[in-house]
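Here is the file data01.txt (compact mmCIF, C-alpha atoms).
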```txt
# COMPACT_ATOMS: atom_id res chain seq x y z
CA MET A 263 -5.12 -6.78 17.35
CA SER A 264 -5.62 -3.24 18.57
CA GLN A 265 -8.10 -0.82 17.07
CA PRO A 266 -6.97 1.34 14.11
CA VAL A 267 -5.90 4.97 14.34
CA LEU A 268 -8.60 7.38 15.51
CA PRO A 269 -8.98 11.14 15.11
CA LYS A 270 -7.15 13.15 17.75
CA THR A 271 -10.21 15.34 18.18
CA GLN A 272 -11.83 12.57 20.22
CA ASN A 273 -9.14 12.85 22.88
CA PRO A 274 -7.17 15.55 24.73
CA ASP A 275 -4.03 16.87 23.00
CA SER A 276 -1.80 15.54 25.77
CA VAL A 277 -2.53 11.83 25.15
CA THR A 278 -1.13 9.44 22.51
CA LEU A 279 -3.57 6.57 23.08
CA CYS A 280 -7.35 6.75 22.92
CA GLN A 281 -8.68 6.97 26.47
CA SER A 282 -11.70 4.81 25.61
CA CYS A 283 -10.13 1.96 23.61
CA GLY A 284 -6.35 2.32 23.72
CA ALA A 285 -6.01 2.93 19.97
CA THR A 286 -2.94 4.67 18.58
CA LEU A 287 -3.55 8.35 17.84
CA LYS A 288 -0.28 8.98 16.02
CA LEU A 289 1.45 7.02 13.25
CA GLN A 290 5.25 6.66 13.30
CA ASN A 291 5.14 9.16 16.13
CA ARG A 292 4.54 11.98 13.62
CA TYR A 293 1.24 11.70 11.66
CA THR A 294 -1.80 12.69 13.73
CA ALA A 295 -5.33 12.14 12.40
CA LEU A 296 -7.67 15.12 12.86
CA LYS A 297 -10.98 14.10 11.31
CA PRO A 298 -12.44 11.53 8.89
CA ILE A 299 -12.93 12.80 5.33
CA GLY A 300 -14.08 9.72 3.41
CA GLN A 301 -14.70 5.98 3.31
CA GLY A 302 -14.79 3.43 0.50
CA GLY A 303 -14.73 -0.30 -0.07
CA PHE A 304 -11.06 -0.73 0.83
CA GLY A 305 -10.52 1.85 3.51
CA ARG A 306 -11.17 5.20 5.06
CA THR A 307 -9.31 8.47 4.95
CA PHE A 308 -8.48 11.10 7.55
CA LEU A 309 -7.24 14.64 7.36
CA ALA A 310 -4.01 14.66 9.35
CA VAL A 311 -0.95 16.74 10.20
CA ASP A 312 2.72 15.86 9.99
CA GLU A 313 4.07 16.93 13.36
CA ALA A 314 7.67 16.20 12.40
CA GLU A 315 7.71 19.15 10.01
CA LEU A 316 8.22 22.68 11.29
CA HIS A 317 4.98 24.11 9.87
CA ARG A 318 2.92 20.97 10.64
CA PRO A 319 1.59 20.62 7.07
CA CYS A 320 -1.66 18.81 6.42
CA CYS A 321 -1.61 15.36 4.85
CA VAL A 322 -4.04 12.50 4.27
CA ILE A 323 -3.99 9.16 6.07
CA LYS A 324 -5.61 6.38 4.08
CA GLN A 325 -6.22 3.36 6.27
CA PHE A 326 -6.84 -0.16 4.97
CA PHE A 327 -10.22 -1.00 6.46
CA PRO A 328 -12.01 -3.33 4.02
CA ASN A 329 -15.68 -4.24 3.86
CA GLN A 330 -14.86 -7.75 2.57
CA ARG A 331 -15.40 -10.83 4.68
CA GLY A 332 -13.57 -14.12 4.46
CA GLN A 333 -9.85 -14.77 4.64
CA LYS A 334 -9.27 -15.00 0.88
CA SER A 335 -11.14 -11.74 0.19
CA LEU A 336 -9.25 -9.97 2.97
CA GLU A 337 -5.90 -11.19 1.67
CA ARG A 338 -6.77 -10.03 -1.85
CA ALA A 339 -7.90 -6.61 -0.61
CA SER A 340 -4.75 -6.27 1.49
CA GLU A 341 -2.58 -7.03 -1.53
CA LEU A 342 -4.46 -4.45 -3.63
CA PHE A 343 -3.76 -1.86 -0.93
CA ARG A 344 -0.02 -2.66 -1.06
CA GLN A 345 -0.12 -2.43 -4.85
CA GLU A 346 -1.71 1.01 -4.57
CA ALA A 347 1.31 2.13 -2.55
CA LEU A 348 3.67 0.88 -5.26
CA ARG A 349 1.68 2.65 -7.98
CA LEU A 350 1.49 5.91 -6.08
CA LYS A 351 5.24 5.93 -5.52
CA GLU A 352 5.71 6.22 -9.29
CA LEU A 353 2.56 8.09 -10.28
CA GLY A 354 2.97 10.73 -7.56
CA LYS A 355 5.81 12.18 -9.64
CA HIS A 356 3.15 13.80 -11.85
CA PRO A 357 2.25 17.36 -10.72
CA GLN A 358 -1.50 16.54 -10.84
CA ILE A 359 -1.40 13.32 -8.79
CA PRO A 360 -0.91 13.55 -4.99
CA ASN A 361 2.53 12.53 -3.73
CA LEU A 362 2.84 9.38 -1.67
CA LEU A 363 4.70 10.43 1.49
CA THR A 364 5.03 6.94 2.96
CA TYR A 365 3.45 3.50 3.29
CA LEU A 366 3.54 1.86 6.69
CA GLU A 367 2.13 -0.95 8.78
CA GLN A 368 1.47 -0.38 12.46
CA GLU A 369 -0.25 -2.61 15.02
CA GLY A 370 -1.58 -4.91 12.31
CA TYR A 371 -3.03 -2.17 10.09
CA GLN A 372 -1.83 -0.75 6.78
CA TYR A 373 -1.65 2.96 5.99
CA LEU A 374 -0.83 5.26 3.09
CA ILE A 375 0.23 8.81 3.92
CA GLN A 376 -0.39 11.17 1.01
CA GLU A 377 -0.07 14.82 0.09
CA PHE A 378 -3.21 16.79 1.00
CA ILE A 379 -4.87 18.65 -1.87
CA ASP A 380 -6.74 21.62 -0.44
CA GLY A 381 -9.85 22.07 -2.58
CA ILE A 382 -13.17 20.50 -3.51
CA ASN A 383 -13.94 17.64 -5.87
CA LEU A 384 -15.97 18.15 -9.02
CA PHE A 385 -19.05 16.44 -7.60
CA GLN A 386 -19.08 19.07 -4.85
CA GLU A 387 -18.34 21.84 -7.34
CA LEU A 388 -21.31 20.75 -9.46
CA LYS A 389 -23.61 20.99 -6.43
CA ILE A 390 -22.29 24.45 -5.53
CA GLU A 391 -21.90 26.11 -8.92
CA GLY A 392 -24.26 24.18 -11.18
CA VAL A 393 -23.68 22.59 -14.57
CA PHE A 394 -20.41 23.03 -16.42
CA ASP A 395 -20.30 24.95 -19.69
CA GLU A 396 -18.29 23.92 -22.75
CA ALA A 397 -15.22 25.93 -21.75
CA LYS A 398 -15.00 24.16 -18.36
CA ILE A 399 -15.49 20.74 -19.97
CA ARG A 400 -12.76 21.41 -22.53
CA GLN A 401 -10.38 22.51 -19.78
CA LEU A 402 -11.26 19.44 -17.72
CA LEU A 403 -10.59 17.16 -20.69
CA THR A 404 -7.32 18.89 -21.55
CA ASP A 405 -6.03 18.58 -17.98
CA LEU A 406 -7.19 15.04 -17.27
CA LEU A 407 -6.24 13.58 -20.64
CA ARG A 408 -2.66 14.72 -20.05
CA VAL A 409 -2.72 13.05 -16.65
CA LEU A 410 -4.08 9.87 -18.26
CA GLN A 411 -1.31 9.93 -20.84
CA PHE A 412 1.18 9.72 -17.97
CA VAL A 413 -0.81 7.09 -16.07
CA HIS A 414 -1.24 4.88 -19.14
CA GLN A 415 2.40 5.29 -20.16
CA ASN A 416 3.19 3.82 -16.75
CA GLN A 417 1.00 0.84 -17.70
CA VAL A 418 -1.69 1.64 -15.13
CA ILE A 419 -5.48 1.78 -15.65
CA HIS A 420 -7.18 3.99 -13.05
CA ARG A 421 -10.61 2.22 -13.28
CA ASP A 422 -12.49 4.69 -11.08
CA ILE A 423 -12.60 8.06 -12.81
CA LYS A 424 -15.61 10.07 -11.66
CA PRO A 425 -16.35 13.64 -10.45
CA ALA A 426 -15.62 12.73 -6.82
CA ASN A 427 -12.11 11.57 -7.73
CA ILE A 428 -11.11 14.82 -9.43
CA ILE A 429 -10.15 17.64 -7.03
CA ARG A 430 -9.76 21.29 -7.99
CA ARG A 431 -7.03 22.82 -5.82
CA SER A 432 -8.18 26.11 -4.32
CA ALA A 433 -4.82 27.88 -4.59
CA ASP A 434 -4.44 27.69 -8.38
CA GLN A 435 -7.54 25.86 -9.73
CA LYS A 436 -5.36 22.96 -10.92
CA LEU A 437 -7.16 19.63 -11.26
CA PHE A 438 -5.83 16.51 -9.52
CA LEU A 439 -6.73 12.89 -10.18
CA VAL A 440 -6.97 11.00 -6.89
CA ASP A 441 -7.83 7.58 -5.43
CA PHE A 442 -5.84 4.92 -7.24
CA GLY A 443 -7.24 2.22 -4.97
CA ALA A 444 -9.08 0.59 -7.89
CA ALA A 445 -6.19 0.93 -10.36
CA LYS A 446 -4.43 -2.05 -11.92
CA TYR A 447 -1.32 -2.73 -13.95
CA ALA A 448 -1.90 -3.49 -17.62
CA THR A 449 1.22 -5.49 -18.36
CA GLY A 450 1.86 -8.99 -19.64
CA THR A 451 -1.31 -11.07 -19.56
CA ALA A 452 -3.24 -8.53 -17.48
CA LEU A 453 -4.92 -7.10 -20.58
CA VAL A 454 -6.31 -10.45 -21.71
CA ASN A 455 -7.08 -12.13 -18.40
CA THR A 456 -10.38 -11.45 -16.69
CA GLY A 457 -9.77 -9.46 -13.51
CA THR A 458 -11.70 -8.09 -10.58
CA VAL A 459 -14.85 -6.11 -11.41
CA ILE A 460 -14.29 -2.77 -9.73
CA GLY A 461 -15.17 0.91 -10.09
CA SER A 462 -18.27 3.09 -9.75
CA ALA A 463 -21.03 1.51 -11.84
CA GLU A 464 -22.56 4.60 -13.45
CA TYR A 465 -19.20 5.67 -14.91
CA THR A 466 -17.87 2.21 -15.75
CA ALA A 467 -17.26 1.01 -19.32
CA PRO A 468 -19.10 -2.17 -20.41
CA GLU A 469 -15.91 -4.22 -20.77
CA GLN A 470 -14.81 -3.18 -17.28
CA THR A 471 -18.02 -4.51 -15.78
CA ARG A 472 -16.93 -7.89 -17.16
CA GLY A 473 -13.50 -7.61 -15.56
CA LYS A 474 -11.75 -6.73 -18.85
CA ALA A 475 -10.66 -3.12 -18.30
CA VAL A 476 -8.33 -1.56 -20.90
CA PHE A 477 -6.82 1.92 -21.26
CA ALA A 478 -9.89 3.03 -23.23
CA SER A 479 -12.04 2.14 -20.21
CA ASP A 480 -10.66 5.24 -18.46
CA LEU A 481 -11.63 7.37 -21.48
CA TYR A 482 -15.20 6.06 -21.26
CA SER A 483 -15.32 6.95 -17.55
CA LEU A 484 -13.98 10.43 -18.26
CA GLY A 485 -16.65 10.88 -20.94
CA ALA A 486 -19.34 9.75 -18.49
CA THR A 487 -17.95 12.25 -15.98
CA CYS A 488 -18.28 15.03 -18.55
CA ILE A 489 -21.92 14.33 -19.41
CA HIS A 490 -22.77 14.20 -15.70
CA LEU A 491 -21.19 17.64 -15.26
CA LEU A 492 -22.96 19.00 -18.35
CA THR A 493 -26.41 17.80 -17.26
CA GLU A 494 -26.27 17.31 -13.47
CA MET A 495 -27.83 13.91 -14.10
CA SER A 496 -26.50 10.44 -13.40
CA PRO A 497 -25.09 8.70 -16.49
CA PHE A 498 -27.55 5.90 -15.70
CA ASP A 499 -30.38 8.32 -16.55
CA LEU A 500 -28.68 9.50 -19.75
CA PHE A 501 -28.70 6.11 -21.49
CA ASP A 502 -31.79 4.68 -23.19
CA SER A 503 -31.58 0.93 -22.56
CA SER A 504 -34.51 0.17 -24.87
CA GLU A 505 -32.61 1.69 -27.81
CA ALA A 506 -29.12 0.92 -26.46
CA GLN A 507 -27.97 4.48 -27.04
CA TRP A 508 -26.97 7.63 -25.17
CA VAL A 509 -29.54 10.43 -24.96
CA TRP A 510 -27.51 12.91 -22.89
CA GLN A 511 -27.76 15.59 -25.61
CA HIS A 512 -31.49 15.88 -24.84
CA TYR A 513 -30.72 17.01 -21.28
CA LEU A 514 -28.08 19.67 -21.88
CA ARG A 515 -28.65 22.84 -19.87
CA GLN A 516 -26.36 24.86 -22.19
CA PRO A 517 -25.52 24.31 -25.86
CA ILE A 518 -22.22 22.71 -26.88
CA SER A 519 -20.39 22.73 -30.20
CA PRO A 520 -20.70 19.85 -32.69
CA SER A 521 -16.98 19.16 -32.26
CA LEU A 522 -17.27 18.59 -28.50
CA ASN A 523 -20.39 16.51 -29.09
CA ARG A 524 -18.46 14.27 -31.51
CA ILE A 525 -15.58 13.86 -29.06
CA LEU A 526 -17.85 12.86 -26.16
CA HIS A 527 -19.87 10.59 -28.45
CA LYS A 528 -16.72 8.69 -29.42
CA MET A 529 -15.43 8.51 -25.84
CA LEU A 530 -18.73 6.92 -24.78
CA GLN A 531 -18.91 4.19 -27.41
CA GLY A 532 -19.78 0.86 -25.82
CA ALA A 533 -17.62 -1.10 -28.27
CA THR A 534 -13.92 -0.52 -27.69
CA ASN A 535 -13.14 -0.70 -31.43
CA ARG A 536 -15.33 2.38 -31.96
CA ARG A 537 -13.99 4.29 -28.97
CA TYR A 538 -10.81 6.36 -28.81
CA PRO A 539 -7.93 3.95 -28.11
CA SER A 540 -5.74 6.51 -26.31
CA ALA A 541 -5.79 9.82 -24.46
CA THR A 542 -3.41 11.20 -27.09
CA GLU A 543 -5.99 10.74 -29.84
CA VAL A 544 -8.71 12.47 -27.82
CA LEU A 545 -6.35 15.39 -27.16
CA ALA A 546 -5.58 15.68 -30.89
CA ASP A 547 -9.29 16.07 -31.70
CA LEU A 548 -9.83 18.38 -28.74
CA GLN A 549 -7.02 20.69 -29.85
CA ALA A 550 -7.98 20.71 -33.53
CA PRO A 551 -9.09 24.16 -34.77
CA VAL A 552 -12.86 24.60 -34.58
CA GLN A 553 -14.06 25.22 -38.13
CA GLY A 554 -16.61 27.89 -38.88
CA MET A 555 -20.09 26.55 -38.33
CA THR A 556 -22.46 26.00 -41.22
CA GLU A 557 -26.23 25.91 -41.07
CA GLY A 558 -26.05 22.22 -40.18
CA ASP A 559 -23.49 22.78 -37.42
CA ARG A 560 -25.56 24.72 -34.91
CA PRO A 561 -24.65 24.23 -31.24
CA ILE A 562 -26.25 21.13 -29.74
CA ARG A 563 -28.57 21.45 -26.81
```

Take the structure in this file and express it as structure tokens.
Amino acid sequence: MSQPVLPKTQNPDSVTLCQSCGATLKLQNRYTALKPIGQGGFGRTFLAVDEAELHRPCCVIKQFFPNQRGQKSLERASELFRQEALRLKELGKHPQIPNLLTYLEQEGYQYLIQEFIDGINLFQELKIEGVFDEAKIRQLLTDLLRVLQFVHQNQVIHRDIKPANIIRRSADQKLFLVDFGAAKYATGTALVNTGTVIGSAEYTAPEQTRGKAVFASDLYSLGATCIHLLTEMSPFDLFDSSEAQWVWQHYLRQPISPSLNRILHKMLQGATNRRYPSATEVLADLQAPVQGMTEGDRPIR
């Protein structure tokens, strides 16, 4: 098996094969990798250009390049990658989820080619601009909950919502939910059968850590994302294990309203029967008129 696609920047523009190892530099004779932009458990991504289009638009190549060892693990990871392509074909119809341009296999490797979203993710934005205020959190929730409505209506659980997987597009500030590599279908027996434990631990709902992710698991992860952005602290450090309760309110840099506090509190419930069951219900509370504050309703900080 030959080596996987490599960035063109390592070789002269006039060549199509890597001069050091013979690897392909162009996919389907049109997609050319420029530089690596990320790597995870299932693969790595490259910024690329589509040379078949007149204006050579940027795109993203996601290459299946798993960390797993053993034939069974590799086969399972490979199947998950194919499933991601099927999900993205449908989910990419939403204006805040990147379009899947194509899925292909070349020289024994699998690739997804996706729309490139020019912007920075919210983890990067937090480092650059500092903690989010209530207005930014409410806008984030409004945008992402609508995306989750669509995702869940398509019977998909994302399972890896976190600041790094939410990109703010520079051109119009629109938020995009990316990286459906951990997502799963929630149809038939999938909701009752124990599945693969996957996701980023500090944002992961308790039931998901036991392989029992449900739609509400994504709401928990979105809530954990919000408290990270409000405090600039890991959700791990915002939970008191000795008391089995969240203490994120003690670390707020700016005050928030009691209504937002109640919404985040309910999103972060460990027991699913006390958590919001759907994105629609969170949106209803988020959009409810904020009542005039009484003496007991001072902003929380």

List every protein, DNA or RNA residue that has an atom no more than 10 Å from (0.5, 14.5, -7.1) in the file's coordinate frame, counting only C-alpha atoms, and report them as a PyMOL selection string. chain A and resi 350-351+353-362+376-379+438-440

Keeping C-alpha atoms, export the residues of the selection given above as a JSON list (two decimals), in the coordinates of the input.
```json
[["chain", "number", "residue", "atom", "x", "y", "z"],
["A", 350, "LEU", "CA", 1.49, 5.91, -6.08],
["A", 351, "LYS", "CA", 5.24, 5.93, -5.52],
["A", 353, "LEU", "CA", 2.56, 8.09, -10.28],
["A", 354, "GLY", "CA", 2.97, 10.73, -7.56],
["A", 355, "LYS", "CA", 5.81, 12.18, -9.64],
["A", 356, "HIS", "CA", 3.15, 13.80, -11.85],
["A", 357, "PRO", "CA", 2.25, 17.36, -10.72],
["A", 358, "GLN", "CA", -1.50, 16.54, -10.84],
["A", 359, "ILE", "CA", -1.40, 13.32, -8.79],
["A", 360, "PRO", "CA", -0.91, 13.55, -4.99],
["A", 361, "ASN", "CA", 2.53, 12.53, -3.73],
["A", 362, "LEU", "CA", 2.84, 9.38, -1.67],
["A", 376, "GLN", "CA", -0.39, 11.17, 1.01],
["A", 377, "GLU", "CA", -0.07, 14.82, 0.09],
["A", 378, "PHE", "CA", -3.21, 16.79, 1.00],
["A", 379, "ILE", "CA", -4.87, 18.65, -1.87],
["A", 438, "PHE", "CA", -5.83, 16.51, -9.52],
["A", 439, "LEU", "CA", -6.73, 12.89, -10.18],
["A", 440, "VAL", "CA", -6.97, 11.00, -6.89]]
```

Quick one: distance from atom CA of Lys424 of chain A to atom CA of Ile489 of chain A in Å, one decimal? 10.9 Å

Within 9 Å of Ser479 of chain A, counting only C-alpha atoms, which residues qualify if same-chain residues fewer than 6 places away don't, as a PyMOL selection string? chain A and resi 419-421+466-470+534

Let's have the selection written as a CSV table (one decimal), in the frame of the given file, with C-alpha atoms.
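Result file again.csv:
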```
chain,number,residue,atom,x,y,z
A,419,ILE,CA,-5.5,1.8,-15.6
A,420,HIS,CA,-7.2,4.0,-13.0
A,421,ARG,CA,-10.6,2.2,-13.3
A,466,THR,CA,-17.9,2.2,-15.8
A,467,ALA,CA,-17.3,1.0,-19.3
A,468,PRO,CA,-19.1,-2.2,-20.4
A,469,GLU,CA,-15.9,-4.2,-20.8
A,470,GLN,CA,-14.8,-3.2,-17.3
A,534,THR,CA,-13.9,-0.5,-27.7
```

Nearest to Tyr465 of chain A by atom-to-atom distance, counting all atoms listed in the file, from A:Ala506, A:Leu522, A:Met529, A:Val311: A:Met529

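Excluding segment 402-407 of chain A itself and any same-chain residue fewer than 4 positions from it, the protein and nucleic acid residues within 7 Å of it, counting all atoms listed in the file, are Lys398, Gln411, Leu437, Ala541 and Leu545 of chain A.
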
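We find atom CA of Arg515 of chain A and atom CA of Ala397 of chain A to be spaced 13.9 Å apart.
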
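Atom CA of Thr294 of chain A is found 24.5 Å from atom CA of Leu342 of chain A.
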
Residue among A:Gln435, A:Ser496, A:Gln368, A:Gln290 lying closest to Tyr513 of chain A, counting only C-alpha atoms: A:Ser496

Distance query Ser432 of chain A at most 8 Å, all atoms listed in the file, self and fewer than 5 positions along chain excluded, as an mmCIF file with C-alpha atoms, in the frame of the given file:
```cif
data_model
loop_
_atom_site.group_PDB
_atom_site.id
_atom_site.type_symbol
_atom_site.label_atom_id
_atom_site.label_comp_id
_atom_site.auth_asym_id
_atom_site.auth_seq_id
_atom_site.Cartn_x
_atom_site.Cartn_y
_atom_site.Cartn_z
ATOM 1 C CA ASP A 380 -6.740 21.620 -0.440
ATOM 2 C CA GLY A 381 -9.850 22.070 -2.580
ATOM 3 C CA ILE A 382 -13.170 20.500 -3.510
#
```

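Checking A:Gln372, A:Leu296, A:Ile423, A:Ala347 one by one against Asp312 of chain A, counting only C-alpha atoms, you find the shortest gap at A:Leu296.
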
Polymer residues at most 12 Å from Asn523 of chain A, all atoms listed in the file, same-chain spacing of 5 or more positions, as a PyMOL selection string: chain A and resi 396+399-400+485+488-489+492+508-512+514+517-518+528-530+547-548+559-563
